[in-house]
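S.K.: This is the structure, below, for whatever I ask next.
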Amino acid sequence: MKKLIYMLLFLLPALAFCGCSRHMSYADLKKAERGYISHWITEHNIKVLTEKEFYAQDSMTDVSKNEYVLFGESGIYMQIVNKGVGFRLESGDTRKILTKFTECLVENGDTTLTNLYSPSIVDAMMVTNKSGSYTAYFTEGYMSSSYEAAVPAGWMAPMPFIRLTRELDKIAKVRLILPHSQGHSSSTQSVAPYFYEISYELGR
């Protein structure tokens, strides 16, 4: 009986929270999301650039100043740590790209998924550029097994700006803050923003 009582005491607050979340309107959830992102930006001392400022400095962000560009239409924040060397994906091209990444929930900063500690694991995706519109799907890795084969739209935001190579010390690397509309299925369903650090390596 005591065990049952303790279990109920543990579960009731969680159930109450879930019930409350289910009854929040979409507008309320989006407002909460904006609050989480704003707090993350403040907490991590991020300097936000406009798109105009970003393009004025050769489509680059100054990592020493912790600059991120905000793409107003999508709500994506992006920091280019390294543009990489090599070539950009041209219109009509489809290429295999290998990624190493860390995913964090913006709400609390918890790391929810990463392949950095699994040397033999990479998340591979096939990326297509169709007249400047990028689409992709995962062929292997943690993202597809944890969520779905479709690559989050936000992962494609860096593609117009980075270059692709197999030289490991020269591959492109970015950091992203993605609102739910640019994330994976779980992010979209829960209206939860995520932070990513991702490297993009040309596959074979």
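We name chains A, B, ... following the order of the structure tokens; residues begin at 1 in each chain, and ligands are numbered from 1 as shown.
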Need to verify the contact set: segment 40-46 of chain A, 9 Å, only C-alpha atoms, exclusion of same-chain residues closer than 6 positions in sequence. Can you return it as a PyMOL selection string?
M.R.: chain A and resi 65-68+106-109
S.K.: Which residues are close to Leu178 of chain A, i.e. within 12 Å by only C-alpha atoms, leaving aside same-chain residues fewer than 6 positions away? Reply as a ChimeraX atom specification.
M.R.: /A:33-34,36-37,40,70-71,74-79,103-107,152-157,184,187-188,191-197
S.K.: For the selection you just gave me, I'd like the residues written to a file as a short mmCIF file (atom, residue, chain, number, x, y, z; two decimals), in the first residue's frame, keeping N, CA, C and O atoms.
M.R.:
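What follows is the written file part_2.cif:
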```cif
data_model
loop_
_atom_site.label_atom_id
_atom_site.label_comp_id
_atom_site.auth_asym_id
_atom_site.auth_seq_id
_atom_site.Cartn_x
_atom_site.Cartn_y
_atom_site.Cartn_z
N GLU A 33 7.64 28.70 -26.90
CA GLU A 33 8.81 28.40 -27.71
C GLU A 33 9.67 29.64 -27.92
O GLU A 33 10.90 29.60 -27.77
N ARG A 34 9.04 30.75 -28.24
CA ARG A 34 9.79 32.00 -28.43
C ARG A 34 10.52 32.38 -27.15
O ARG A 34 11.65 32.88 -27.19
N TYR A 36 11.65 30.28 -24.82
CA TYR A 36 12.79 29.37 -24.65
C TYR A 36 13.97 29.81 -25.53
O TYR A 36 15.12 29.82 -25.08
N ILE A 37 13.67 30.17 -26.78
CA ILE A 37 14.73 30.59 -27.70
C ILE A 37 15.37 31.89 -27.21
O ILE A 37 16.60 32.04 -27.22
N TRP A 40 17.63 31.15 -24.36
CA TRP A 40 18.86 30.47 -24.83
C TRP A 40 19.85 31.51 -25.38
O TRP A 40 21.04 31.47 -25.08
N LEU A 70 19.94 35.58 -37.98
CA LEU A 70 18.54 35.18 -37.89
C LEU A 70 17.91 35.31 -39.27
O LEU A 70 17.89 36.40 -39.86
N PHE A 71 17.43 34.18 -39.80
CA PHE A 71 16.68 34.20 -41.04
C PHE A 71 15.21 34.43 -40.69
O PHE A 71 14.54 33.54 -40.15
N SER A 74 12.11 31.97 -41.78
CA SER A 74 12.06 30.63 -41.19
C SER A 74 12.19 30.64 -39.67
O SER A 74 11.79 29.68 -39.00
N GLY A 75 12.78 31.70 -39.12
CA GLY A 75 13.03 31.74 -37.68
C GLY A 75 14.27 30.98 -37.26
O GLY A 75 14.51 30.78 -36.06
N ILE A 76 15.08 30.56 -38.23
CA ILE A 76 16.31 29.82 -37.94
C ILE A 76 17.43 30.78 -37.55
O ILE A 76 17.62 31.82 -38.19
N TYR A 77 18.17 30.41 -36.51
CA TYR A 77 19.40 31.11 -36.14
C TYR A 77 20.57 30.22 -36.56
O TYR A 77 20.58 29.02 -36.24
N MET A 78 21.56 30.80 -37.24
CA MET A 78 22.68 29.99 -37.72
C MET A 78 24.01 30.68 -37.45
O MET A 78 24.18 31.87 -37.69
N GLN A 79 24.96 29.89 -36.94
CA GLN A 79 26.35 30.34 -36.82
C GLN A 79 27.21 29.44 -37.70
O GLN A 79 27.18 28.21 -37.55
N GLU A 103 22.50 17.21 -30.62
CA GLU A 103 21.17 17.82 -30.55
C GLU A 103 20.84 18.11 -29.09
O GLU A 103 21.00 17.25 -28.23
N CYS A 104 20.38 19.33 -28.82
CA CYS A 104 19.99 19.73 -27.45
C CYS A 104 18.59 20.33 -27.48
O CYS A 104 18.23 21.06 -28.41
N LEU A 105 17.83 20.04 -26.45
CA LEU A 105 16.51 20.65 -26.29
C LEU A 105 16.70 22.05 -25.73
O LEU A 105 17.27 22.23 -24.65
N VAL A 106 16.24 23.05 -26.45
CA VAL A 106 16.46 24.44 -26.06
C VAL A 106 15.79 24.75 -24.72
O VAL A 106 16.31 25.54 -23.92
N GLU A 107 14.67 24.13 -24.46
CA GLU A 107 13.91 24.40 -23.23
C GLU A 107 14.75 24.24 -21.98
O GLU A 107 14.67 25.05 -21.05
N PRO A 152 15.37 17.19 -41.17
CA PRO A 152 14.73 18.45 -40.79
C PRO A 152 15.07 19.56 -41.77
O PRO A 152 16.23 19.69 -42.20
N ALA A 153 14.08 20.34 -42.13
CA ALA A 153 14.30 21.43 -43.10
C ALA A 153 15.42 22.35 -42.65
O ALA A 153 16.21 22.83 -43.47
N GLY A 154 15.51 22.58 -41.35
CA GLY A 154 16.54 23.48 -40.82
C GLY A 154 17.96 23.02 -41.06
O GLY A 154 18.89 23.84 -41.12
N TRP A 155 18.15 21.71 -41.21
CA TRP A 155 19.49 21.19 -41.48
C TRP A 155 19.98 21.61 -42.86
O TRP A 155 21.18 21.55 -43.16
N MET A 156 19.05 22.02 -43.74
CA MET A 156 19.41 22.43 -45.09
C MET A 156 19.75 23.92 -45.18
O MET A 156 20.27 24.38 -46.20
N ALA A 157 19.45 24.68 -44.14
CA ALA A 157 19.69 26.13 -44.17
C ALA A 157 21.14 26.50 -44.48
O ALA A 157 21.39 27.48 -45.18
N HIS A 184 12.46 18.17 -36.73
CA HIS A 184 11.96 16.83 -37.04
C HIS A 184 10.53 16.65 -36.55
O HIS A 184 9.94 17.56 -35.95
N SER A 187 9.82 17.35 -32.84
CA SER A 187 9.88 18.79 -32.58
C SER A 187 8.61 19.49 -33.04
O SER A 187 8.05 20.33 -32.33
N THR A 188 8.14 19.13 -34.22
CA THR A 188 6.93 19.74 -34.78
C THR A 188 5.71 19.43 -33.93
O THR A 188 4.90 20.32 -33.62
N VAL A 191 5.98 21.22 -30.52
CA VAL A 191 6.28 22.65 -30.62
C VAL A 191 7.50 22.97 -29.75
O VAL A 191 7.47 23.86 -28.89
N ALA A 192 8.57 22.21 -29.98
CA ALA A 192 9.79 22.33 -29.18
C ALA A 192 10.98 22.72 -30.06
O ALA A 192 11.25 22.06 -31.07
N PRO A 193 11.69 23.80 -29.70
CA PRO A 193 12.88 24.18 -30.47
C PRO A 193 14.10 23.38 -30.03
O PRO A 193 14.21 22.96 -28.87
N TYR A 194 15.02 23.17 -30.99
CA TYR A 194 16.24 22.40 -30.71
C TYR A 194 17.47 23.17 -31.18
O TYR A 194 17.41 23.92 -32.16
N PHE A 195 18.57 22.92 -30.49
CA PHE A 195 19.88 23.45 -30.88
C PHE A 195 20.70 22.30 -31.47
O PHE A 195 20.65 21.18 -30.98
N TYR A 196 21.45 22.61 -32.55
CA TYR A 196 22.32 21.61 -33.16
C TYR A 196 23.70 22.16 -33.42
O TYR A 196 23.85 23.35 -33.76
N GLU A 197 24.69 21.31 -33.28
CA GLU A 197 26.02 21.56 -33.82
C GLU A 197 26.27 20.43 -34.81
O GLU A 197 26.20 19.26 -34.43
#
```
S.K.: When you draw a straight line from atom CA of Val151 of chain A to atom CA of Leu29 of chain A, how long is it in Å?
M.R.: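 Straight-line distance from atom CA of Val151 of chain A to atom CA of Leu29 of chain A works out to 23.3 Å.
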S.K.: List as a ChimeraX atom specification the protein and nucleic acid residues near Asn129 of chain A, meaning an atom at most 8 Å away when only C-alpha atoms are counted, but skip any in the same chain fewer than 3 places from it.
M.R.: /A:89-94,132-135
S.K.: Selected residues, all heavy atoms, written as a tab-separated table (two decimals), in the first residue's frame, please.
M.R.:
```
chain	number	residue	atom	x	y	z
A	89	LEU	N	27.01	22.56	-53.55
A	89	LEU	CA	26.12	21.67	-54.29
A	89	LEU	C	25.38	22.48	-55.35
A	89	LEU	O	24.64	23.42	-55.03
A	89	LEU	CB	25.12	21.04	-53.31
A	89	LEU	CG	24.36	19.80	-53.79
A	89	LEU	CD1	25.34	18.65	-54.05
A	89	LEU	CD2	23.33	19.38	-52.74
A	90	GLU	N	25.59	22.13	-56.60
A	90	GLU	CA	24.99	22.87	-57.71
A	90	GLU	C	23.55	22.41	-57.95
A	90	GLU	O	23.15	21.31	-57.55
A	90	GLU	CB	25.81	22.68	-58.99
A	90	GLU	CG	27.24	23.21	-58.90
A	90	GLU	CD	27.31	24.71	-58.74
A	90	GLU	OE1	26.36	25.40	-59.20
A	90	GLU	OE2	28.28	25.21	-58.16
A	91	SER	N	22.78	23.26	-58.63
A	91	SER	CA	21.41	22.92	-58.96
A	91	SER	C	21.38	21.66	-59.83
A	91	SER	O	22.14	21.53	-60.78
A	91	SER	CB	20.75	24.08	-59.71
A	91	SER	OG	19.41	23.74	-60.05
A	92	GLY	N	20.53	20.73	-59.46
A	92	GLY	CA	20.41	19.46	-60.16
A	92	GLY	C	21.26	18.35	-59.58
A	92	GLY	O	21.10	17.19	-59.96
A	93	ASP	N	22.16	18.70	-58.66
A	93	ASP	CA	23.04	17.71	-58.05
A	93	ASP	C	22.39	17.01	-56.87
A	93	ASP	O	21.61	17.61	-56.12
A	93	ASP	CB	24.34	18.35	-57.55
A	93	ASP	CG	25.32	18.62	-58.67
A	93	ASP	OD1	25.04	18.20	-59.81
A	93	ASP	OD2	26.37	19.24	-58.40
A	94	THR	N	22.72	15.73	-56.70
A	94	THR	CA	22.37	14.97	-55.51
A	94	THR	C	23.65	14.35	-54.97
A	94	THR	O	24.36	13.69	-55.74
A	94	THR	CB	21.35	13.87	-55.80
A	94	THR	OG1	20.12	14.46	-56.24
A	94	THR	CG2	21.06	13.04	-54.55
A	132	GLY	N	18.05	25.77	-56.12
A	132	GLY	CA	18.25	26.50	-54.87
A	132	GLY	C	17.37	26.03	-53.73
A	132	GLY	O	17.46	26.56	-52.62
A	133	SER	N	16.52	25.05	-53.98
A	133	SER	CA	15.69	24.46	-52.92
A	133	SER	C	16.29	23.10	-52.55
A	133	SER	O	16.42	22.23	-53.41
A	133	SER	CB	14.25	24.29	-53.41
A	133	SER	OG	13.45	23.70	-52.42
A	134	TYR	N	16.64	22.93	-51.29
A	134	TYR	CA	17.35	21.73	-50.85
A	134	TYR	C	16.41	20.78	-50.10
A	134	TYR	O	15.66	21.20	-49.20
A	134	TYR	CB	18.51	22.10	-49.93
A	134	TYR	CG	19.56	22.95	-50.61
A	134	TYR	CD1	19.42	24.34	-50.68
A	134	TYR	CD2	20.69	22.37	-51.18
A	134	TYR	CE1	20.38	25.13	-51.30
A	134	TYR	CE2	21.66	23.16	-51.80
A	134	TYR	CZ	21.49	24.53	-51.86
A	134	TYR	OH	22.45	25.30	-52.48
A	135	THR	N	16.47	19.53	-50.48
A	135	THR	CA	15.71	18.49	-49.78
A	135	THR	C	16.66	17.33	-49.50
A	135	THR	O	17.67	17.15	-50.20
A	135	THR	CB	14.52	17.98	-50.62
A	135	THR	OG1	15.01	17.50	-51.88
A	135	THR	CG2	13.50	19.08	-50.84
```
S.K.: Determine, counting only C-alpha atoms, which protein, DNA and RNA residues have an atom within 7 Å of an atom of Leu98 of chain A; residues of the same chain fewer than 2 positions away are not included. Present the result as a CSV table (one decimal) with all heavy atoms, in the first residue's frame.
M.R.:
```csv
chain,number,residue,atom,x,y,z
A,96,LYS,N,25.8,12.5,-51.4
A,96,LYS,CA,25.7,11.9,-50.1
A,96,LYS,C,26.6,12.8,-49.2
A,96,LYS,O,27.7,13.1,-49.5
A,96,LYS,CB,26.3,10.5,-50.1
A,96,LYS,CG,26.2,9.7,-48.8
A,96,LYS,CD,26.7,8.3,-49.0
A,96,LYS,CE,26.5,7.5,-47.7
A,96,LYS,NZ,27.0,6.1,-47.9
A,122,VAL,N,28.0,7.4,-38.4
A,122,VAL,CA,27.7,8.7,-38.9
A,122,VAL,C,26.3,8.7,-39.4
A,122,VAL,O,25.7,7.7,-39.7
A,122,VAL,CB,28.6,9.0,-40.2
A,122,VAL,CG1,30.1,9.2,-39.7
A,122,VAL,CG2,28.5,8.0,-41.2
A,123,ASP,N,25.7,9.9,-39.4
A,123,ASP,CA,24.4,10.0,-40.0
A,123,ASP,C,24.5,10.5,-41.4
A,123,ASP,O,25.0,11.6,-41.7
A,123,ASP,CB,23.5,11.0,-39.2
A,123,ASP,CG,23.0,10.4,-37.9
A,123,ASP,OD1,23.8,9.9,-37.1
A,123,ASP,OD2,21.7,10.4,-37.7
A,124,ALA,N,24.2,9.6,-42.3
A,124,ALA,CA,24.3,9.9,-43.8
A,124,ALA,C,23.0,10.3,-44.4
A,124,ALA,O,22.0,9.8,-44.0
A,124,ALA,CB,24.8,8.6,-44.5
A,125,MET,N,23.1,11.3,-45.3
A,125,MET,CA,21.9,11.8,-45.9
A,125,MET,C,22.2,12.0,-47.4
A,125,MET,O,23.3,12.4,-47.8
A,125,MET,CB,21.3,13.0,-45.2
A,125,MET,CG,22.3,14.2,-45.1
A,125,MET,SD,21.6,15.5,-44.1
A,125,MET,CE,23.0,16.7,-44.2
A,200,TYR,N,29.4,18.8,-41.9
A,200,TYR,CA,28.9,18.3,-43.2
A,200,TYR,C,30.1,17.8,-44.0
A,200,TYR,O,30.9,18.7,-44.4
A,200,TYR,CB,28.2,19.4,-43.9
A,200,TYR,CG,26.9,19.9,-43.3
A,200,TYR,CD1,26.9,20.7,-42.2
A,200,TYR,CD2,25.7,19.5,-43.8
A,200,TYR,CE1,25.7,21.2,-41.6
A,200,TYR,CE2,24.5,20.0,-43.2
A,200,TYR,CZ,24.5,20.8,-42.1
A,200,TYR,OH,23.4,21.3,-41.6
A,201,GLU,N,30.2,16.5,-44.1
A,201,GLU,CA,31.4,16.0,-44.9
A,201,GLU,C,30.9,15.3,-46.2
A,201,GLU,O,29.8,14.6,-46.1
A,201,GLU,CB,32.1,14.9,-44.0
A,201,GLU,CG,33.2,14.2,-44.7
A,201,GLU,CD,33.7,12.9,-43.9
A,201,GLU,OE1,33.3,12.8,-42.7
A,201,GLU,OE2,34.4,12.1,-44.5
A,202,LEU,N,31.6,15.5,-47.2
A,202,LEU,CA,31.2,14.9,-48.5
A,202,LEU,C,31.4,13.4,-48.4
A,202,LEU,O,32.4,12.9,-48.0
A,202,LEU,CB,32.1,15.5,-49.6
A,202,LEU,CG,31.8,14.9,-51.0
A,202,LEU,CD1,30.4,15.3,-51.5
A,202,LEU,CD2,32.8,15.4,-52.0
A,203,GLY,N,30.3,12.7,-48.7
A,203,GLY,CA,30.4,11.2,-48.7
A,203,GLY,C,30.9,10.6,-50.0
A,203,GLY,O,31.2,11.3,-50.9
```
S.K.: Please identify all polymer residues within 12 Å of Glu73 of chain A, counting only C-alpha atoms, omitting same-chain residues fewer than 5 positions from it, and present them as a list of chain:residue names.
M.R.: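 The neighbour list is A:Thr50, A:Glu51, A:Gly154, A:Ala157, A:Pro179, A:Ser181, A:Gln182.
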S.K.: As a ChimeraX atom specification, list the residues of segment 107-195 of chain A assigned to strand (DSSP E or B) by DSSP on the backbone atoms of this structure.
M.R.: /A:111-114,123-130,133-140,150,164,172-178,194-195
S.K.: Would you mind telling me which residue in A:Gly86, A:Pro119, A:Pro160, A:Gly183 lies nearest to Tyr147 of chain A when using only C-alpha atoms?
M.R.: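 The closest residue to Tyr147 of chain A is A:Gly183.
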